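A.B. asks: Just passing along the structure, written as structure tokens.
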Amino acid sequence: MNNQEQLNQLIELRQKAQLGGGVGRIEAQHAKGKFTARERILMLLDEGSFEEYDMFVTHRCNNFGLEKQLFLGDGVVTGHGTIDGRIVYVFSQDFTVMGGSLSETFAQKICKIMDQALKVGAPLIGINDSGGARIQEGVTSLAGYAEIFERNIIASGVIPQISAIFGPCAGGAVYSPALTDFIIMSEQNAYMFVTGPKVTKTVTGEDITTEDLGGANVHASKSGVAHFKVADEQEGIMLIRKLLEYIPNNNMEDPIVTPCDDPIDRLEDSLNEIIPDNPNQPYDVLDIIHSVIDNHEFLEVHSNYAKNIIVGFAKFNGMPVGIVANQPKYYAGVLDIEASRKGARFVRFCDAFNIPIITFVDVPGFLPGSGQEYGGIIIHGAKLLFAFGEATVPKITITLRKSYGGAHDVMSCKQLRADANYAWPSAEIAVMGAKGAIEVLESKALKDITNKEEKDKFFKEKEKEYQDMFANPYQAAKFGFIDDIIEPRNTRFRIIRALCTLSTKKDSMPPKKHSNLPL
């Protein structure tokens with residue numbers, strides 16, 4: 001074979017590999033409103049930057065006639081490229097090849113780029129569209145999943161890992177995305193579950209649809225498995241690119257600071273009036289967040305789940321930060337099981353990747369009731385407490401209004417090594433609200449007063465006394481637990497100045513193998 005024949009053979013094989021399962025299956029993929037594995041990668045990466053690995057790999061299984069079904073690439077496209085000039089590694093499962101089912105060689109391809117991403121310290125992006133394990137291969141397919149899981153675990157907290165679910169993701173396949181940092185699900189065609197509707201009905205008798213069991217809406221709002229829900233694949237891919245703007249390449253680097261044209265000292269006069277006079281009246285904490293961050297641009301994470309707490313990314317003078325905020329608009333901003341888990345996971349991600357944490361506090365306490373206690377609110381609340389206390393990144397806390405009881409401690413208080421603790425004049429830092437406090441403190445005196453008018457008068461006097469003492473931030477400031485009481489409209493400037501001051505912060509934990517997080 002001469003040189004030209006060799007080149008022709010290479011071109012022919014490349015063209016064959018790029019067709020995946022063939023033209024018919026590609027058309028079927030498009031008919032479902034789905035892109036192919038390679039189309040997704042080309043949309044995700046900078047133009048012309050993709051370098052593919054293992055295009056000519058095929059499976060090695062001869063069971064059940066599988067030796068007659070050989071496809072170049074074996075159902076997954078892997079390689080690296082750039083996003084806004086930054087190196088990333090990517091794998092994209094190809095549903096046109098045997099339903100994207102995972103074989104031994106399929107797993108080896110993914111493991112190869114995972115190992116490479118870890119070596120060079122680059123983000124890893126996985127696009128999932130697979131029917132699960134390749135049944136014909138049996139245990140080698142299961143071993144392939146476990147090899148991937150182990151690498152997800154080793155890479156956790158070292159390089160960012162992002163999963164996009166653009167099709168089926170079932171059985172053992174769900175655990176690789178579950179081990180990554182962020183999961184994005186498209187409303188069209190995507191679903192995740194450990195066992196599908198048929199098995200569920202057989203085992204439990206429950207009759208449920210695929211969408212109701214594991215669709216994007218379910219995982220974005222009920223289970224919290226999905227961090228983002230998107231309308232379609234294009235939106236999901238653009239979201240991945242946007243998310244990476246706030247995240248460094250690895251845990252040894254800082255997030256990338258970008259030029260900012262939003263004035264550092266921009267005043268927001270509206271903030272001086274945003275807290276209602278009635279302490280029980282709600283407001284939207286997102287209005288405060290949008291007012292103080294760069295160009296009002298906030299990337300909210302888990303926006304449909306545990307809405308009583310807000311988490312997400314923003315920038316201050318071009319510096320990426322993570323924001324955690326109680327949301328008085330939902331359940332008065334109370335902390336419950338879901339909110340604690342949501343907040344803890346986000347705080348730990350930020351700490352792992354050197355992203356400063358800004359916390360806005362307006363929390364009346366933990367949600368009471370047997371449902372919460374039986375569900376383990378003690379352990380789940382401890383997760384958020386542990387996450388803030390463990391974090392060594394710059395931590396800035398602004399108390400807006402209520403900060404009551406154990407929830408005050410949990411929300412990045414000074415004793416959890418927060419670096420700068422500011423409060424607005426509207427802040428109330430106490431063990432509990434005035435009404436509840438007086439019912440406890442003066443219970444004997446109230447019982448002794450039989451006249452209703454006298455009892456009401458006594459109660460109001462004591463309530464005012466308690467409010468005068470604790471319905472303000474000055475008692476906490478007196479003990480140094482609040483570093484300064486600031487004018488609300490100056491909040492943006494004070495946060496930016498604190499971030500600049502803390503840019504060289506060094507903090508650490510005692511040497512240990514790992515912590516025993518309250519799970």
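Identifiers in the structure tokens: chain A, B, ... in order shown; residue index from 1 per chain; ligand index from 1 in order shown.
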Quick one: residues within 7 Å of stretch 156-170 of chain A, only C-alpha atoms counted, chain neighbours fewer than 4 positions away excluded, as a PDB file with N, CA and C atoms, in the first residue's frame?
C.D. replies:
```pdb
ATOM      1  N   LEU A 118      -6.753  15.050  35.194  1.00  0.00           N
ATOM      2  CA  LEU A 118      -6.204  15.145  36.546  1.00  0.00           C
ATOM      3  C   LEU A 118      -4.717  15.494  36.502  1.00  0.00           C
ATOM      4  N   GLY A 121      -4.476  19.190  35.349  1.00  0.00           N
ATOM      5  CA  GLY A 121      -5.237  20.129  36.157  1.00  0.00           C
ATOM      6  C   GLY A 121      -6.226  20.927  35.344  1.00  0.00           C
ATOM      7  N   ALA A 122      -7.074  20.224  34.593  1.00  0.00           N
ATOM      8  CA  ALA A 122      -8.056  20.892  33.733  1.00  0.00           C
ATOM      9  C   ALA A 122      -9.453  20.371  34.045  1.00  0.00           C
ATOM     10  N   PRO A 123     -10.485  21.209  33.876  1.00  0.00           N
ATOM     11  CA  PRO A 123     -11.860  20.767  34.125  1.00  0.00           C
ATOM     12  C   PRO A 123     -12.255  19.586  33.240  1.00  0.00           C
ATOM     13  N   LEU A 124     -13.171  18.762  33.765  1.00  0.00           N
ATOM     14  CA  LEU A 124     -13.687  17.599  33.045  1.00  0.00           C
ATOM     15  C   LEU A 124     -15.188  17.778  32.840  1.00  0.00           C
ATOM     16  N   ILE A 125     -15.617  17.622  31.597  1.00  0.00           N
ATOM     17  CA  ILE A 125     -17.031  17.766  31.253  1.00  0.00           C
ATOM     18  C   ILE A 125     -17.521  16.467  30.625  1.00  0.00           C
ATOM     19  N   GLY A 126     -18.589  15.904  31.189  1.00  0.00           N
ATOM     20  CA  GLY A 126     -19.168  14.675  30.661  1.00  0.00           C
ATOM     21  C   GLY A 126     -20.572  14.924  30.150  1.00  0.00           C
ATOM     22  N   ILE A 127     -20.832  14.524  28.912  1.00  0.00           N
ATOM     23  CA  ILE A 127     -22.166  14.660  28.322  1.00  0.00           C
ATOM     24  C   ILE A 127     -22.771  13.267  28.251  1.00  0.00           C
ATOM     25  N   ASN A 128     -23.854  13.082  29.014  1.00  0.00           N
ATOM     26  CA  ASN A 128     -24.432  11.752  29.190  1.00  0.00           C
ATOM     27  C   ASN A 128     -25.676  11.545  28.328  1.00  0.00           C
ATOM     28  N   ASP A 129     -25.675  10.431  27.591  1.00  0.00           N
ATOM     29  CA  ASP A 129     -26.809  10.054  26.741  1.00  0.00           C
ATOM     30  C   ASP A 129     -26.666   8.557  26.472  1.00  0.00           C
ATOM     31  N   SER A 130     -27.044   7.759  27.458  1.00  0.00           N
ATOM     32  CA  SER A 130     -26.712   6.332  27.408  1.00  0.00           C
ATOM     33  C   SER A 130     -27.813   5.467  27.997  1.00  0.00           C
ATOM     34  N   GLY A 131     -28.019   4.322  27.392  1.00  0.00           N
ATOM     35  CA  GLY A 131     -29.000   3.365  27.890  1.00  0.00           C
ATOM     36  C   GLY A 131     -28.508   2.541  29.066  1.00  0.00           C
ATOM     37  N   GLY A 132     -27.254   2.748  29.491  1.00  0.00           N
ATOM     38  CA  GLY A 132     -26.726   2.016  30.641  1.00  0.00           C
ATOM     39  C   GLY A 132     -25.645   1.031  30.256  1.00  0.00           C
ATOM     40  N   ASN A 152     -13.815   9.641  39.478  1.00  0.00           N
ATOM     41  CA  ASN A 152     -14.627  10.776  39.929  1.00  0.00           C
ATOM     42  C   ASN A 152     -14.292  11.139  41.369  1.00  0.00           C
ATOM     43  N   VAL A 174     -26.013   6.532  36.738  1.00  0.00           N
ATOM     44  CA  VAL A 174     -26.341   7.785  37.438  1.00  0.00           C
ATOM     45  C   VAL A 174     -25.279   8.177  38.452  1.00  0.00           C
ATOM     46  N   PRO A 177     -22.392  10.990  37.327  1.00  0.00           N
ATOM     47  CA  PRO A 177     -22.840  12.387  37.488  1.00  0.00           C
ATOM     48  C   PRO A 177     -23.042  12.780  38.948  1.00  0.00           C
ATOM     49  N   THR A 180     -20.049  14.140  40.586  1.00  0.00           N
ATOM     50  CA  THR A 180     -19.438  15.347  40.034  1.00  0.00           C
ATOM     51  C   THR A 180     -19.982  16.589  40.739  1.00  0.00           C
ATOM     52  N   ASP A 181     -19.439  17.744  40.384  1.00  0.00           N
ATOM     53  CA  ASP A 181     -19.766  18.980  41.099  1.00  0.00           C
ATOM     54  C   ASP A 181     -21.104  19.578  40.693  1.00  0.00           C
ATOM     55  N   PHE A 182     -21.421  19.517  39.403  1.00  0.00           N
ATOM     56  CA  PHE A 182     -22.669  20.109  38.921  1.00  0.00           C
ATOM     57  C   PHE A 182     -23.316  19.207  37.886  1.00  0.00           C
ATOM     58  N   ILE A 183     -24.632  19.112  37.969  1.00  0.00           N
ATOM     59  CA  ILE A 183     -25.417  18.334  37.009  1.00  0.00           C
ATOM     60  C   ILE A 183     -26.398  19.268  36.314  1.00  0.00           C
ATOM     61  N   ILE A 184     -26.375  19.241  34.992  1.00  0.00           N
ATOM     62  CA  ILE A 184     -27.294  20.026  34.165  1.00  0.00           C
ATOM     63  C   ILE A 184     -28.192  19.051  33.417  1.00  0.00           C
ATOM     64  N   MET A 185     -29.505  19.243  33.501  1.00  0.00           N
ATOM     65  CA  MET A 185     -30.450  18.359  32.798  1.00  0.00           C
ATOM     66  C   MET A 185     -31.306  19.177  31.842  1.00  0.00           C
ATOM     67  N   SER A 186     -31.494  18.649  30.636  1.00  0.00           N
ATOM     68  CA  SER A 186     -32.390  19.304  29.681  1.00  0.00           C
ATOM     69  C   SER A 186     -33.812  18.790  29.899  1.00  0.00           C
ATOM     70  N   ASN A 189     -36.041  15.137  26.716  1.00  0.00           N
ATOM     71  CA  ASN A 189     -35.374  13.829  26.562  1.00  0.00           C
ATOM     72  C   ASN A 189     -34.535  13.340  27.737  1.00  0.00           C
ATOM     73  N   ALA A 190     -34.189  14.184  28.696  1.00  0.00           N
ATOM     74  CA  ALA A 190     -33.274  13.759  29.767  1.00  0.00           C
ATOM     75  C   ALA A 190     -34.037  13.157  30.941  1.00  0.00           C
ATOM     76  N   TYR A 191     -33.494  12.079  31.485  1.00  0.00           N
ATOM     77  CA  TYR A 191     -34.025  11.532  32.729  1.00  0.00           C
ATOM     78  C   TYR A 191     -32.937  10.747  33.444  1.00  0.00           C
ATOM     79  N   MET A 192     -33.075  10.661  34.766  1.00  0.00           N
ATOM     80  CA  MET A 192     -32.143   9.911  35.602  1.00  0.00           C
ATOM     81  C   MET A 192     -32.923   9.132  36.643  1.00  0.00           C
ATOM     82  N   PHE A 193     -32.599   7.878  36.812  1.00  0.00           N
ATOM     83  CA  PHE A 193     -33.119   7.102  37.941  1.00  0.00           C
ATOM     84  C   PHE A 193     -32.302   5.827  38.100  1.00  0.00           C
ATOM     85  N   VAL A 194     -32.316   5.298  39.306  1.00  0.00           N
ATOM     86  CA  VAL A 194     -31.592   4.055  39.589  1.00  0.00           C
ATOM     87  C   VAL A 194     -32.350   2.868  39.004  1.00  0.00           C
ATOM     88  N   THR A 195     -33.681   2.863  39.179  1.00  0.00           N
ATOM     89  CA  THR A 195     -34.526   1.828  38.574  1.00  0.00           C
ATOM     90  C   THR A 195     -35.675   2.498  37.844  1.00  0.00           C
ATOM     91  N   GLU A 233     -30.683  21.467  24.716  1.00  0.00           N
ATOM     92  CA  GLU A 233     -29.250  21.176  24.767  1.00  0.00           C
ATOM     93  C   GLU A 233     -28.389  22.416  24.522  1.00  0.00           C
ATOM     94  N   ASN A 249      -9.230  26.397  37.043  1.00  0.00           N
ATOM     95  CA  ASN A 249      -8.937  25.138  36.355  1.00  0.00           C
ATOM     96  C   ASN A 249      -8.786  23.978  37.327  1.00  0.00           C
ATOM     97  N   ASN A 250      -8.275  24.278  38.515  1.00  0.00           N
ATOM     98  CA  ASN A 250      -8.044  23.215  39.491  1.00  0.00           C
ATOM     99  C   ASN A 250      -7.922  23.831  40.879  1.00  0.00           C
ATOM    100  N   ASN A 251      -7.721  22.992  41.873  1.00  0.00           N
ATOM    101  CA  ASN A 251      -7.720  23.449  43.264  1.00  0.00           C
ATOM    102  C   ASN A 251      -6.445  24.181  43.677  1.00  0.00           C
ATOM    103  N   ALA A 352     -13.300  24.246  48.180  1.00  0.00           N
ATOM    104  CA  ALA A 352     -12.382  23.339  47.477  1.00  0.00           C
ATOM    105  C   ALA A 352     -11.655  24.057  46.342  1.00  0.00           C
ATOM    106  N   PHE A 353     -12.317  25.028  45.715  1.00  0.00           N
ATOM    107  CA  PHE A 353     -11.745  25.671  44.541  1.00  0.00           C
ATOM    108  C   PHE A 353     -11.428  27.158  44.750  1.00  0.00           C
TER     109      PHE A 353
END
```
A.B. asks: Could you produce a table of the residues of stretch 399-454 of chain A lying within 12 Å of stretch 281-292 of chain A, with the nearest pair of atoms per residue and their separation in Å rounded to one decimal, using only C-alpha atoms, ordered by chain and increasing residue number, as a Markdown table?
C.D. replies:
```
| residue | atom | partner | partner_atom | distance |
| --- | --- | --- | --- | --- |
| A:Thr399 | CA | A:Val285 | CA | 11.8 |
| A:Leu400 | CA | A:Val285 | CA | 9.4 |
| A:Arg401 | CA | A:Pro282 | CA | 10.9 |
| A:Lys402 | CA | A:Pro282 | CA | 11.6 |
```
A.B. asks: Keeping only C-alpha atoms, write those residues as a short mmCIF file (atom, residue, chain, number, x, y, z; two decimals), in the first residue's frame.
C.D. replies:
```cif
data_model
loop_
_atom_site.label_atom_id
_atom_site.label_comp_id
_atom_site.auth_asym_id
_atom_site.auth_seq_id
_atom_site.Cartn_x
_atom_site.Cartn_y
_atom_site.Cartn_z
CA THR A 399 -26.45 40.29 58.55
CA LEU A 400 -29.44 42.02 56.99
CA ARG A 401 -32.20 41.42 59.53
CA LYS A 402 -32.91 38.38 61.72
#
```
A.B. asks: Mind pulling up the distance from atom CA of A:Asp336 to atom CA of A:Leu385?
C.D. replies: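 Here the two named atoms are 12.7 Å from each other.
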A.B. asks: In Å, with one decimal, what is the gap from atom CA of A:Glu39 to atom CA of A:Val90?
C.D. replies: 12.8 Å
A.B. asks: Write down as a list in words the residues of stretch 126-181 of chain A whose backbone DSSP state falls under helix (DSSP H, G or I).
C.D. replies: Ile135, Gln136, Glu137, Val139, Thr140, Ser141, Leu142, Ala143, Gly144, Tyr145, Ala146, Glu147, Ile148, Phe149, Glu150, Arg151, Asn152, Ile153, Ile154, Ala155, Gly171, Gly172, Ala173, Val174, Tyr175, Ser176, Pro177 and Ala178 of chain A
A.B. asks: Let's have the selection written as a CSV table (one decimal), in the first residue's frame, with C-alpha atoms.
C.D. replies:
```csv
chain,number,residue,atom,x,y,z
A,135,ILE,CA,-25.7,-6.2,28.9
A,136,GLN,CA,-23.8,-8.6,26.6
A,137,GLU,CA,-20.5,-7.7,28.4
A,139,VAL,CA,-19.2,-7.9,34.7
A,140,THR,CA,-16.6,-6.2,32.5
A,141,SER,CA,-19.2,-3.4,31.8
A,142,LEU,CA,-19.9,-3.1,35.6
A,143,ALA,CA,-16.2,-3.0,36.3
A,144,GLY,CA,-15.9,-0.2,33.7
A,145,TYR,CA,-18.5,1.9,35.7
A,146,ALA,CA,-16.6,1.3,38.9
A,147,GLU,CA,-13.3,2.5,37.2
A,148,ILE,CA,-15.0,5.7,36.3
A,149,PHE,CA,-16.5,6.2,39.7
A,150,GLU,CA,-13.2,5.8,41.4
A,151,ARG,CA,-11.7,8.5,39.2
A,152,ASN,CA,-14.6,10.8,39.9
A,153,ILE,CA,-13.9,10.3,43.6
A,154,ILE,CA,-10.1,10.9,43.2
A,155,ALA,CA,-10.7,14.0,41.1
A,171,GLY,CA,-29.0,2.3,36.7
A,172,GLY,CA,-25.3,2.4,37.6
A,173,ALA,CA,-24.8,5.2,35.1
A,174,VAL,CA,-26.3,7.8,37.4
A,175,TYR,CA,-23.6,7.5,40.0
A,176,SER,CA,-20.8,9.1,37.9
A,177,PRO,CA,-22.8,12.4,37.5
A,178,ALA,CA,-23.9,12.2,41.2
```
A.B. asks: Using DSSP on the backbone, list every residue of stretch 357-410 of chain A that comes out as strand (DSSP E or B), and give them as a ChimeraX atom specification.
C.D. replies: /A:357-363,366,395-404
A.B. asks: Print the selection's residues with C-alpha atoms to a file, as a PDB file, in the first residue's frame.
C.D. replies:
```
ATOM      1  CA  ILE A 357     -17.892  33.098  50.090  1.00  0.00           C
ATOM      2  CA  ILE A 358     -20.261  36.017  50.700  1.00  0.00           C
ATOM      3  CA  THR A 359     -23.134  35.255  53.090  1.00  0.00           C
ATOM      4  CA  PHE A 360     -26.273  37.362  53.464  1.00  0.00           C
ATOM      5  CA  VAL A 361     -28.116  36.496  56.673  1.00  0.00           C
ATOM      6  CA  ASP A 362     -31.802  36.854  57.481  1.00  0.00           C
ATOM      7  CA  VAL A 363     -32.749  33.660  59.279  1.00  0.00           C
ATOM      8  CA  PHE A 366     -34.534  26.103  62.030  1.00  0.00           C
ATOM      9  CA  LYS A 395     -15.561  34.559  54.211  1.00  0.00           C
ATOM     10  CA  ILE A 396     -17.578  37.765  54.440  1.00  0.00           C
ATOM     11  CA  THR A 397     -20.905  37.805  56.267  1.00  0.00           C
ATOM     12  CA  ILE A 398     -23.527  40.557  56.135  1.00  0.00           C
ATOM     13  CA  THR A 399     -26.448  40.293  58.554  1.00  0.00           C
ATOM     14  CA  LEU A 400     -29.440  42.015  56.989  1.00  0.00           C
ATOM     15  CA  ARG A 401     -32.201  41.417  59.528  1.00  0.00           C
ATOM     16  CA  LYS A 402     -32.908  38.378  61.725  1.00  0.00           C
ATOM     17  CA  SER A 403     -30.136  36.122  62.953  1.00  0.00           C
ATOM     18  CA  TYR A 404     -31.687  33.966  65.644  1.00  0.00           C
TER      19      TYR A 404
END
```
A.B. asks: Pick from A:Lys32, A:Phe458, A:Ala344, A:Met1: nearest to A:Ser443, with only C-alpha atoms counted?
C.D. replies: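 Looking only at the distances to A:Ser443, the closest residue turns out to be A:Phe458.
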A.B. asks: Fewer than 6 positions away in the same chain doesn't count, so skip those; otherwise give me all residues within 9 Å of A:Asp265, counting only C-alpha atoms, as a CSV table (one decimal) with N, CA and C atoms, in the first residue's frame.
C.D. replies:
```csv
chain,number,residue,atom,x,y,z
A,490,ASN,N,-23.8,51.2,51.0
A,490,ASN,CA,-22.3,51.1,50.9
A,490,ASN,C,-21.9,49.6,50.8
A,492,ARG,N,-21.8,47.2,48.6
A,492,ARG,CA,-20.9,46.7,47.5
A,492,ARG,C,-19.4,47.1,47.8
A,493,PHE,N,-19.2,48.4,48.1
A,493,PHE,CA,-17.9,48.9,48.3
A,493,PHE,C,-17.2,48.2,49.5
A,494,ARG,N,-17.9,47.9,50.6
A,494,ARG,CA,-17.3,47.3,51.7
A,494,ARG,C,-17.0,45.8,51.4
A,496,ILE,N,-16.1,44.6,48.4
A,496,ILE,CA,-15.0,44.6,47.5
A,496,ILE,C,-13.7,45.0,48.3
```
A.B. asks: Between atom CA of A:Glu390 and atom CA of A:Leu502, what distance in Å does the model show, to one decimal?
C.D. replies: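 Atom-to-atom, atom CA of A:Glu390 and atom CA of A:Leu502 are spaced 17.1 Å apart.
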A.B. asks: Go through A:Ala423, A:Val324, A:Val97, A:Val431 one by one, measure the shortest atom-to-atom distance of each to A:Gly24 using only C-alpha atoms, and give the residue with the smallest value.
C.D. replies: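 Closest candidate: A:Val97.
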A.B. asks: From the set A:Arg497, A:Arg417, A:Arg38, A:Lys457, which residue has the shortest atom-to-atom contact distance to A:Asn317, counting only C-alpha atoms?
C.D. replies: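 Checking each of A:Arg497, A:Arg417, A:Arg38, A:Lys457 against A:Asn317, counting only C-alpha atoms, the winner is A:Arg497.
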A.B. asks: Report as a ChimeraX atom specification all protein, DNA and RNA residues lying within 12 Å of A:Ile83, evaluated on only C-alpha atoms, omitting residues in the same chain fewer than 3 positions from it.
C.D. replies: /A:41-50,80,86-90,122-125,237-245,249
A.B. asks: Which one is closest to A:Gln475: A:Glu428, A:Glu487, A:Glu12, A:Asp456? Count only C-alpha atoms.
C.D. replies: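 The closest residue to A:Gln475 is A:Glu428.
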A.B. asks: Find the residues near A:Leu367: any atom within 8 Å, counting only C-alpha atoms, skip ones fewer than 5 places away on the same chain, and give them as a list in words.
C.D. replies: Val334, Leu335, Asp336 and Gln372 of chain A
